[in-house]
$ cat run_21.txt   # compact mmCIF, C-alpha atoms and all ligand atoms
# COMPACT_ATOMS: atom_id res chain seq x y z
CA MET A 77 101.61 94.32 83.75
CA LYS A 78 98.84 94.42 86.32
CA ALA A 79 95.37 95.18 85.00
CA PRO A 80 94.19 98.63 86.06
CA LEU A 81 90.96 98.70 88.08
CA VAL A 82 87.63 100.42 87.57
CA LEU A 83 85.26 100.29 90.55
CA TYR A 84 81.45 100.41 90.41
CA GLY A 85 79.62 102.56 92.97
CA PRO A 86 81.93 105.18 94.55
CA LYS A 87 80.44 106.16 97.91
CA ASN A 88 82.55 104.95 100.81
CA PRO A 89 85.96 106.69 101.18
CA GLU A 90 87.32 103.56 102.86
CA THR A 91 87.81 102.21 99.34
CA MET A 92 90.54 104.81 98.80
CA ARG A 93 92.37 103.65 101.94
CA VAL A 94 92.20 100.05 100.68
CA ILE A 95 93.62 101.08 97.29
CA ALA A 96 96.41 103.11 98.95
CA ALA A 97 97.36 100.11 101.11
CA ILE A 98 97.44 97.81 98.06
CA GLN A 99 99.68 100.28 96.21
CA ASP A 100 101.98 100.82 99.23
CA ALA A 101 102.43 97.05 99.63
CA GLU A 102 103.19 96.64 95.92
CA ARG A 103 105.79 99.44 96.07
CA ALA A 104 107.37 97.90 99.18
CA ARG A 105 107.68 94.57 97.32
CA GLY A 106 109.16 96.34 94.30
CA GLU A 107 106.24 95.26 92.10
CA ALA A 108 104.29 97.13 89.47
CA VAL A 109 101.62 99.24 91.14
CA THR A 110 97.93 98.64 90.44
CA GLU A 111 96.39 101.73 88.87
CA LEU A 112 92.86 102.81 89.76
CA LEU A 113 91.51 104.42 86.57
CA GLY A 114 88.26 105.64 88.10
CA PHE A 115 84.66 104.68 88.77
CA LEU A 116 81.31 103.75 87.26
CA HIS A 117 78.01 104.99 88.69
CA SER A 118 74.37 104.19 87.90
CA ASP A 119 73.30 107.85 88.20
CA PRO A 120 73.84 109.69 84.88
CA ALA A 121 74.08 112.95 86.87
CA ARG A 122 77.34 111.66 88.37
CA CYS A 123 78.84 110.98 84.92
CA GLY A 124 81.72 113.39 84.26
CA THR A 125 82.14 114.25 87.96
CA SER A 126 84.85 112.84 90.21
CA PHE A 127 85.36 110.93 93.46
CA HIS A 128 88.59 111.58 95.36
CA ASP A 129 90.05 113.25 92.25
CA LEU A 130 89.38 110.26 90.01
CA PRO A 131 86.84 110.33 87.18
CA ILE A 132 83.34 108.86 87.28
CA PHE A 133 83.13 107.70 83.68
CA GLY A 134 79.41 106.85 83.54
CA GLY A 135 77.43 103.60 83.70
CA TYR A 136 77.56 100.21 81.95
CA GLU A 137 77.82 101.92 78.53
CA LYS A 138 81.44 102.79 79.43
CA VAL A 139 82.46 99.22 80.29
CA ALA A 140 83.48 98.11 76.78
CA GLU A 141 85.85 101.01 76.13
CA LEU A 142 87.44 100.68 79.59
CA ALA A 143 87.82 96.93 79.00
CA GLU A 144 89.63 97.79 75.74
CA ARG A 145 92.12 99.73 77.90
CA GLY A 146 92.73 96.49 79.81
CA ALA A 147 90.70 97.42 82.89
CA GLU A 148 89.17 94.90 85.28
CA PHE A 149 86.09 95.73 87.34
CA VAL A 150 84.97 95.28 90.95
CA SER A 151 81.61 96.30 92.41
CA LEU A 152 81.75 98.31 95.64
CA VAL A 153 78.03 97.85 96.30
CA THR A 154 77.50 96.23 99.72
CA GLY A 155 74.30 97.72 101.15
CA SER A 156 72.21 95.19 99.21
CA THR A 157 73.37 91.83 97.91
CA VAL A 158 70.75 92.03 95.16
CA GLY A 159 72.37 95.31 94.07
CA ARG A 160 75.80 93.73 94.37
CA TYR A 161 74.78 90.85 92.10
CA GLU A 162 72.95 93.03 89.58
CA THR A 163 75.80 95.55 89.23
CA ALA A 164 78.41 92.83 88.67
CA ARG A 165 76.03 91.12 86.22
CA GLY A 166 75.61 94.41 84.36
CA ILE A 167 79.39 94.77 84.08
CA VAL A 168 79.84 91.21 82.79
CA GLU A 169 76.97 91.55 80.28
CA ALA A 170 78.60 94.76 79.00
CA GLY A 171 81.82 92.84 78.30
CA GLY A 172 83.77 93.55 81.50
CA THR A 173 86.08 91.13 83.33
CA LEU A 174 85.80 90.98 87.12
CA GLY A 175 89.01 91.71 89.05
CA ARG A 176 89.72 91.48 92.79
CA LEU A 177 90.12 94.17 95.46
CA LEU A 178 91.98 92.52 98.34
CA HIS A 179 93.57 94.45 101.21
CA PRO A 180 97.23 93.41 101.58
CA THR A 181 96.68 92.31 105.21
CA VAL A 182 94.61 89.39 103.88
CA ASP A 183 96.61 86.16 103.64
CA THR A 184 95.27 84.67 100.42
CA ARG A 185 97.64 81.70 100.21
CA TRP A 186 95.50 79.10 101.95
CA SER A 187 92.11 79.82 100.45
CA THR A 188 90.39 80.32 97.11
CA ILE A 189 89.18 83.82 96.32
CA GLU A 190 87.12 84.11 93.17
CA PRO A 191 86.95 87.12 90.80
CA GLY A 192 84.94 90.15 91.82
CA ALA A 193 85.76 89.75 95.53
CA TYR A 194 86.21 92.89 97.65
CA VAL A 195 87.92 92.07 100.98
CA GLN A 196 88.80 94.82 103.47
CA GLU A 197 91.56 95.20 106.04
CA GLY A 198 92.24 92.58 108.67
CA VAL A 199 89.88 89.89 107.40
CA LEU A 200 91.23 86.57 108.63
CA VAL A 201 90.71 83.90 105.99
CA GLN A 202 91.64 80.47 107.33
CA ALA A 203 92.77 77.39 105.46
CA GLU A 204 90.60 75.96 102.68
CA ALA A 205 88.01 78.72 102.88
CA HIS A 206 86.33 79.55 99.57
CA LEU A 207 85.16 83.08 98.78
CA GLY A 208 82.72 82.99 95.89
CA VAL A 209 82.51 85.21 92.82
CA ASN A 210 81.67 88.85 93.62
CA CYS A 211 81.45 88.39 97.41
CA SER A 212 82.46 91.16 99.81
CA ILE A 213 83.91 90.86 103.32
CA HIS A 214 84.27 93.93 105.50
CA MET A 215 86.94 94.81 108.03
CA GLY A 216 88.02 92.35 110.68
CA ALA A 217 85.67 89.46 109.90
CA LEU A 218 86.76 85.90 110.65
CA ILE A 219 86.28 83.40 107.85
CA ALA A 220 87.28 80.15 109.54
CA HIS A 221 88.62 76.96 108.00
CA GLU A 222 86.62 75.36 105.20
CA VAL A 223 83.96 78.10 105.18
CA LYS A 224 82.19 78.59 101.86
CA VAL A 225 80.98 82.11 101.07
CA GLY A 226 78.46 82.18 98.23
CA CYS A 227 78.51 84.38 95.14
CA SER A 228 77.54 88.04 95.73
CA ALA A 229 77.28 87.41 99.49
CA PHE A 230 78.18 90.21 101.92
CA VAL A 231 79.78 89.78 105.36
CA ALA A 232 79.91 92.92 107.53
CA HIS A 233 82.71 93.96 109.88
CA GLY A 234 83.40 91.91 112.97
CA VAL A 235 81.37 88.88 111.84
CA SER A 236 82.52 85.43 112.91
CA LEU A 237 81.90 82.55 110.52
CA SER A 238 82.98 79.40 112.36
CA GLY A 239 84.55 76.36 110.73
CA GLU A 240 82.70 74.69 107.84
CA VAL A 241 79.92 77.28 107.73
CA THR A 242 78.28 77.59 104.29
CA LEU A 243 76.74 80.84 103.08
CA GLY A 244 74.54 80.58 99.99
CA ASP A 245 74.52 83.08 97.15
CA GLY A 246 73.40 86.61 97.99
CA VAL A 247 73.46 86.07 101.78
CA PHE A 248 73.78 89.27 103.87
CA ILE A 249 75.41 88.94 107.32
CA GLY A 250 75.06 92.01 109.57
CA THR A 251 77.72 93.51 111.81
CA ASN A 252 79.13 91.34 114.60
CA ALA A 253 76.88 88.36 113.89
CA SER A 254 78.25 84.96 114.79
CA ILE A 255 77.48 81.83 112.80
CA LEU A 256 78.25 78.63 114.71
CA PRO A 257 80.20 75.72 113.21
CA ARG A 258 78.80 73.79 110.24
CA VAL A 259 75.64 75.93 109.94
CA THR A 260 74.30 76.51 106.40
CA ILE A 261 72.61 79.80 105.48
CA GLY A 262 70.32 79.57 102.43
CA ASN A 263 70.52 81.83 99.36
CA TRP A 264 69.51 85.49 99.85
CA ALA A 265 68.94 85.09 103.60
CA THR A 266 69.68 88.08 105.86
CA ILE A 267 71.25 87.73 109.29
CA GLY A 268 70.71 90.77 111.54
CA ALA A 269 73.49 92.62 113.32
CA GLY A 270 74.65 90.81 116.46
CA ALA A 271 72.69 87.59 115.80
CA VAL A 272 74.04 84.26 117.01
CA VAL A 273 72.94 81.66 114.48
CA THR A 274 72.90 78.16 115.92
CA LYS A 275 71.09 76.20 113.20
CA ASP A 276 70.52 76.19 109.44
CA VAL A 277 68.57 79.10 107.92
CA PRO A 278 66.20 78.65 104.94
CA ALA A 279 66.70 80.65 101.74
CA GLY A 280 65.35 84.20 101.92
CA ALA A 281 64.75 84.18 105.70
CA VAL A 282 65.57 87.22 107.86
CA VAL A 283 67.05 86.08 111.20
CA VAL A 284 67.74 88.19 114.32
CA GLY A 285 68.71 87.64 117.96
CA SER A 286 70.58 85.16 120.12
CA PRO A 287 69.80 82.40 119.54
CA GLY A 288 68.79 83.44 116.03
CA ARG A 289 65.06 83.32 115.22
CA ILE A 290 63.27 83.97 111.93
CA LEU A 291 61.83 87.49 111.92
CA ARG A 292 60.17 87.02 108.54
CA GLN A 293 60.49 85.18 105.24
CA GLY A 294 61.83 87.43 102.48
CA ALA A 295 61.88 87.11 98.71
CA ILE A 296 64.21 85.00 96.56
CA PRO A 297 65.09 87.65 93.95
CA HIS A 298 67.27 85.54 91.63
CA PRO A 299 67.84 81.78 91.17
CA HIS A 300 71.55 82.26 92.03
CA GLY A 301 74.01 85.10 92.71
CA ASN A 302 76.82 84.29 90.29
CA PRO A 303 77.26 87.10 87.76
CA LEU A 304 79.48 84.86 85.62
CA ALA A 305 76.91 82.04 85.27
C1 LIG B 401 67.75 92.39 110.62
C2 LIG B 401 67.48 93.66 109.84
C3 LIG B 401 67.84 93.44 108.36
C4 LIG B 401 65.97 93.91 109.98
O1 LIG B 401 65.66 95.10 109.37
P1 LIG B 401 64.11 95.52 109.22
O2 LIG B 401 63.39 94.49 108.41
O3 LIG B 401 64.07 96.92 108.71
O4 LIG B 401 63.56 95.36 110.69
P2 LIG B 401 62.93 96.48 111.65
O5 LIG B 401 63.92 97.56 111.94
O6 LIG B 401 61.58 96.84 111.11
O7 LIG B 401 62.73 95.64 113.00
C5 LIG B 401 61.76 94.58 113.12
C6 LIG B 401 61.90 94.00 114.51
O8 LIG B 401 63.15 93.27 114.60
C7 LIG B 401 63.98 93.82 115.63
N1 LIG B 401 65.35 93.81 115.13
C8 LIG B 401 65.80 94.41 114.00
N2 LIG B 401 67.10 94.18 113.84
C9 LIG B 401 67.49 93.43 114.89
C10 LIG B 401 68.71 92.88 115.27
N3 LIG B 401 69.81 93.04 114.51
N4 LIG B 401 68.76 92.15 116.40
C11 LIG B 401 67.64 91.99 117.16
N5 LIG B 401 66.43 92.48 116.84
C12 LIG B 401 66.36 93.19 115.72
C13 LIG B 401 63.45 95.24 115.85
O9 LIG B 401 63.74 95.67 117.17
C14 LIG B 401 61.98 95.03 115.61
O10 LIG B 401 61.41 94.43 116.76
P3 LIG B 401 59.93 94.83 117.26
O11 LIG B 401 59.01 94.45 116.13
O12 LIG B 401 59.75 94.00 118.50
O13 LIG B 401 59.97 96.30 117.49
C15 LIG B 401 68.30 94.88 110.35
O14 LIG B 401 67.77 95.38 111.57
C16 LIG B 401 69.79 94.56 110.57
O15 LIG B 401 70.22 94.08 111.63
N6 LIG B 401 70.56 94.85 109.51
C17 LIG B 401 72.00 94.66 109.51
C18 LIG B 401 72.69 96.01 109.34
C19 LIG B 401 74.19 95.83 109.23
O16 LIG B 401 74.81 95.20 110.06
N7 LIG B 401 74.75 96.38 108.17
C20 LIG B 401 76.17 96.25 107.88
C21 LIG B 401 76.83 97.57 107.92
S1 LIG B 401 78.43 97.48 107.15
$ encode --input "run_21.txt" --output "structure tokens"
Amino acid sequence: MKAPLVLYGPKNPETMRVIAAIQDAERARGEAVTELLGFLHSDPARCGTSFHDLPIFGGYEKVAELAERGAEFVSLVTGSTVGRYETARGIVEAGGTLGRLLHPTVDTRWSTIEPGAYVQEGVLVQAEAHLGVNCSIHMGALIAHEVKVGCSAFVAHGVSLSGEVTLGDGVFIGTNASILPRVTIGNWATIGAGAVVTKDVPAGAVVVGSPGRILRQGAIPHPHGNPLA
């Protein structure tokens, strides 16, 4: 039996379209269908309400009992990679196991996709790419051959990560940015929308423009972004 899912941070209705596509593909293959039990939310005021007719159970205090029901958990938080890391960490500390939320258009056979990953429709993941624990890749991004995406990193829609690019933990890549081959982006760096990054970026830096330039040096909020470590 497939583990049912519980998702942290209901906000974006696109999640429901991803779930529907996963379930449709499973039905078409004659497989058991993944059940979405409901959601977790940090705001106690949302506890007991619903999102798209599914329950919002509460916060981390609900993780243990949902885990007892066999549920696995994925964080939907993408606006901040610090938030993405901290929510997944909270789930793991409360006894939850991270699952995966992978749109069925994603060919997963040639790459490694770690637990906690949330990958939307049409993401092209080339051979020997590695998607780290709790990372999230939005619609239509290109993850080229041998790319490494760090834990809790976020890649927005339309981004191009060329071959052998390395993203550190907690990296945030804005919409339509392009990272040129073999470039390394340090932990918790932010790449602005539309940037073209031609050389390595230090940890915590915020980079914008084409060619990319450092706008400012940001904080390093955690030593790493792996909620399982
Ligand atoms: C790079 C970014 C994080 C900077 O945010 P910020 O710190 O709030 O920066 P500000 O808006 O104060 O802008 C600071 C300066 O950088 C410039 N700038 C900001 N973002 C830029 C970008 N993407 N490209 C080029 N210049 C940019 C601003 O024009 C401003 O320039 P000025 O000082 O000459 O007026 C943000 O603008 C960005 O691009 N975020 C990505 C959003 C995204 O793609 N989200 C994914 C959605 S799924």
$ closest_residue --input "run_21.txt" --among "A:Asn263, A:Ser118, A:Asn88, A:Ser187" --to "Ile167 (chain A)" --atoms "all atoms listed in the file"
A:Ser118
$ residues_around --input "run_21.txt" --residues "region 211-220 of chain A" --least-positions-apart "6" --cutoff "10 Å" --atoms "all atoms listed in the file" --output "NGL selection string"
:A and (151-154 or 157 or 160-161 or 176-179 or 182 or 189-205 or 226-241 or 245-249 or 251-254 or 257 or 301-302)
$ write_last_selection --input "run_21.txt" --atoms "C-alpha atoms" --output "PDB file, in the coordinates of the input"
ATOM      1  CA  SER A 151      81.610  96.300  92.410  1.00  0.00           C
ATOM      2  CA  LEU A 152      81.750  98.310  95.640  1.00  0.00           C
ATOM      3  CA  VAL A 153      78.030  97.850  96.300  1.00  0.00           C
ATOM      4  CA  THR A 154      77.500  96.230  99.720  1.00  0.00           C
ATOM      5  CA  THR A 157      73.370  91.830  97.910  1.00  0.00           C
ATOM      6  CA  ARG A 160      75.800  93.730  94.370  1.00  0.00           C
ATOM      7  CA  TYR A 161      74.780  90.850  92.100  1.00  0.00           C
ATOM      8  CA  ARG A 176      89.720  91.480  92.790  1.00  0.00           C
ATOM      9  CA  LEU A 177      90.120  94.170  95.460  1.00  0.00           C
ATOM     10  CA  LEU A 178      91.980  92.520  98.340  1.00  0.00           C
ATOM     11  CA  HIS A 179      93.570  94.450 101.210  1.00  0.00           C
ATOM     12  CA  VAL A 182      94.610  89.390 103.880  1.00  0.00           C
ATOM     13  CA  ILE A 189      89.180  83.820  96.320  1.00  0.00           C
ATOM     14  CA  GLU A 190      87.120  84.110  93.170  1.00  0.00           C
ATOM     15  CA  PRO A 191      86.950  87.120  90.800  1.00  0.00           C
ATOM     16  CA  GLY A 192      84.940  90.150  91.820  1.00  0.00           C
ATOM     17  CA  ALA A 193      85.760  89.750  95.530  1.00  0.00           C
ATOM     18  CA  TYR A 194      86.210  92.890  97.650  1.00  0.00           C
ATOM     19  CA  VAL A 195      87.920  92.070 100.980  1.00  0.00           C
ATOM     20  CA  GLN A 196      88.800  94.820 103.470  1.00  0.00           C
ATOM     21  CA  GLU A 197      91.560  95.200 106.040  1.00  0.00           C
ATOM     22  CA  GLY A 198      92.240  92.580 108.670  1.00  0.00           C
ATOM     23  CA  VAL A 199      89.880  89.890 107.400  1.00  0.00           C
ATOM     24  CA  LEU A 200      91.230  86.570 108.630  1.00  0.00           C
ATOM     25  CA  VAL A 201      90.710  83.900 105.990  1.00  0.00           C
ATOM     26  CA  GLN A 202      91.640  80.470 107.330  1.00  0.00           C
ATOM     27  CA  ALA A 203      92.770  77.390 105.460  1.00  0.00           C
ATOM     28  CA  GLU A 204      90.600  75.960 102.680  1.00  0.00           C
ATOM     29  CA  ALA A 205      88.010  78.720 102.880  1.00  0.00           C
ATOM     30  CA  GLY A 226      78.460  82.180  98.230  1.00  0.00           C
ATOM     31  CA  CYS A 227      78.510  84.380  95.140  1.00  0.00           C
ATOM     32  CA  SER A 228      77.540  88.040  95.730  1.00  0.00           C
ATOM     33  CA  ALA A 229      77.280  87.410  99.490  1.00  0.00           C
ATOM     34  CA  PHE A 230      78.180  90.210 101.920  1.00  0.00           C
ATOM     35  CA  VAL A 231      79.780  89.780 105.360  1.00  0.00           C
ATOM     36  CA  ALA A 232      79.910  92.920 107.530  1.00  0.00           C
ATOM     37  CA  HIS A 233      82.710  93.960 109.880  1.00  0.00           C
ATOM     38  CA  GLY A 234      83.400  91.910 112.970  1.00  0.00           C
ATOM     39  CA  VAL A 235      81.370  88.880 111.840  1.00  0.00           C
ATOM     40  CA  SER A 236      82.520  85.430 112.910  1.00  0.00           C
ATOM     41  CA  LEU A 237      81.900  82.550 110.520  1.00  0.00           C
ATOM     42  CA  SER A 238      82.980  79.400 112.360  1.00  0.00           C
ATOM     43  CA  GLY A 239      84.550  76.360 110.730  1.00  0.00           C
ATOM     44  CA  GLU A 240      82.700  74.690 107.840  1.00  0.00           C
ATOM     45  CA  VAL A 241      79.920  77.280 107.730  1.00  0.00           C
ATOM     46  CA  ASP A 245      74.520  83.080  97.150  1.00  0.00           C
ATOM     47  CA  GLY A 246      73.400  86.610  97.990  1.00  0.00           C
ATOM     48  CA  VAL A 247      73.460  86.070 101.780  1.00  0.00           C
ATOM     49  CA  PHE A 248      73.780  89.270 103.870  1.00  0.00           C
ATOM     50  CA  ILE A 249      75.410  88.940 107.320  1.00  0.00           C
ATOM     51  CA  THR A 251      77.720  93.510 111.810  1.00  0.00           C
ATOM     52  CA  ASN A 252      79.130  91.340 114.600  1.00  0.00           C
ATOM     53  CA  ALA A 253      76.880  88.360 113.890  1.00  0.00           C
ATOM     54  CA  SER A 254      78.250  84.960 114.790  1.00  0.00           C
ATOM     55  CA  PRO A 257      80.200  75.720 113.210  1.00  0.00           C
ATOM     56  CA  GLY A 301      74.010  85.100  92.710  1.00  0.00           C
ATOM     57  CA  ASN A 302      76.820  84.290  90.290  1.00  0.00           C
TER      58      ASN A 302
END
$ residues_near_ligand --input "run_21.txt" --ligand "ligand LIG 401 (chain B)" --cutoff "6 Å" --atoms "all atoms listed in the file" --output "PDB file with C-alpha atoms, keeping the file's coordinate frame"
ATOM      1  CA  ALA A 232      79.910  92.920 107.530  1.00  0.00           C
ATOM      2  CA  GLY A 250      75.060  92.010 109.570  1.00  0.00           C
ATOM      3  CA  THR A 251      77.720  93.510 111.810  1.00  0.00           C
ATOM      4  CA  ILE A 267      71.250  87.730 109.290  1.00  0.00           C
ATOM      5  CA  GLY A 268      70.710  90.770 111.540  1.00  0.00           C
ATOM      6  CA  ALA A 269      73.490  92.620 113.320  1.00  0.00           C
ATOM      7  CA  GLY A 270      74.650  90.810 116.460  1.00  0.00           C
ATOM      8  CA  VAL A 284      67.740  88.190 114.320  1.00  0.00           C
ATOM      9  CA  GLY A 285      68.710  87.640 117.960  1.00  0.00           C
TER      10      GLY A 285
END
$ residues_around --input "run_21.txt" --residues "Lys275 (chain A)" --least-positions-apart "6" --cutoff "12 Å" --atoms "only C-alpha atoms" --output "PyMOL selection string"
chain A and resi 241-242+254-262+283+286-290
$ closest_residue --input "run_21.txt" --among "A:Gly155, A:Gly146, A:Pro299, A:Pro180" --to "Glu111 (chain A)" --atoms "all atoms listed in the file"
A:Gly146
$ closest_residue --input "run_21.txt" --among "A:Leu243, A:Val94, A:Ala170, A:Ile132" --to "Gly208 (chain A)" --atoms "all atoms listed in the file"
A:Leu243
$ atom_distance --input "run_21.txt" --atom1 "CA of Asp100 (chain A)" --atom2 "CA of Leu130 (chain A)"
18.2 Å
$ atom_distance --input "run_21.txt" --atom1 "CA of Ala143 (chain A)" --atom2 "CA of Cys123 (chain A)"
17.7 Å
$ atom_distance --input "run_21.txt" --atom1 "CA of His300 (chain A)" --atom2 "CA of Gly134 (chain A)"
27.2 Å
$ closest_residue --input "run_21.txt" --among "A:Glu107, A:Val158, A:Thr173, A:Pro86" --to "Gly135 (chain A)" --atoms "all atoms listed in the file"
A:Pro86
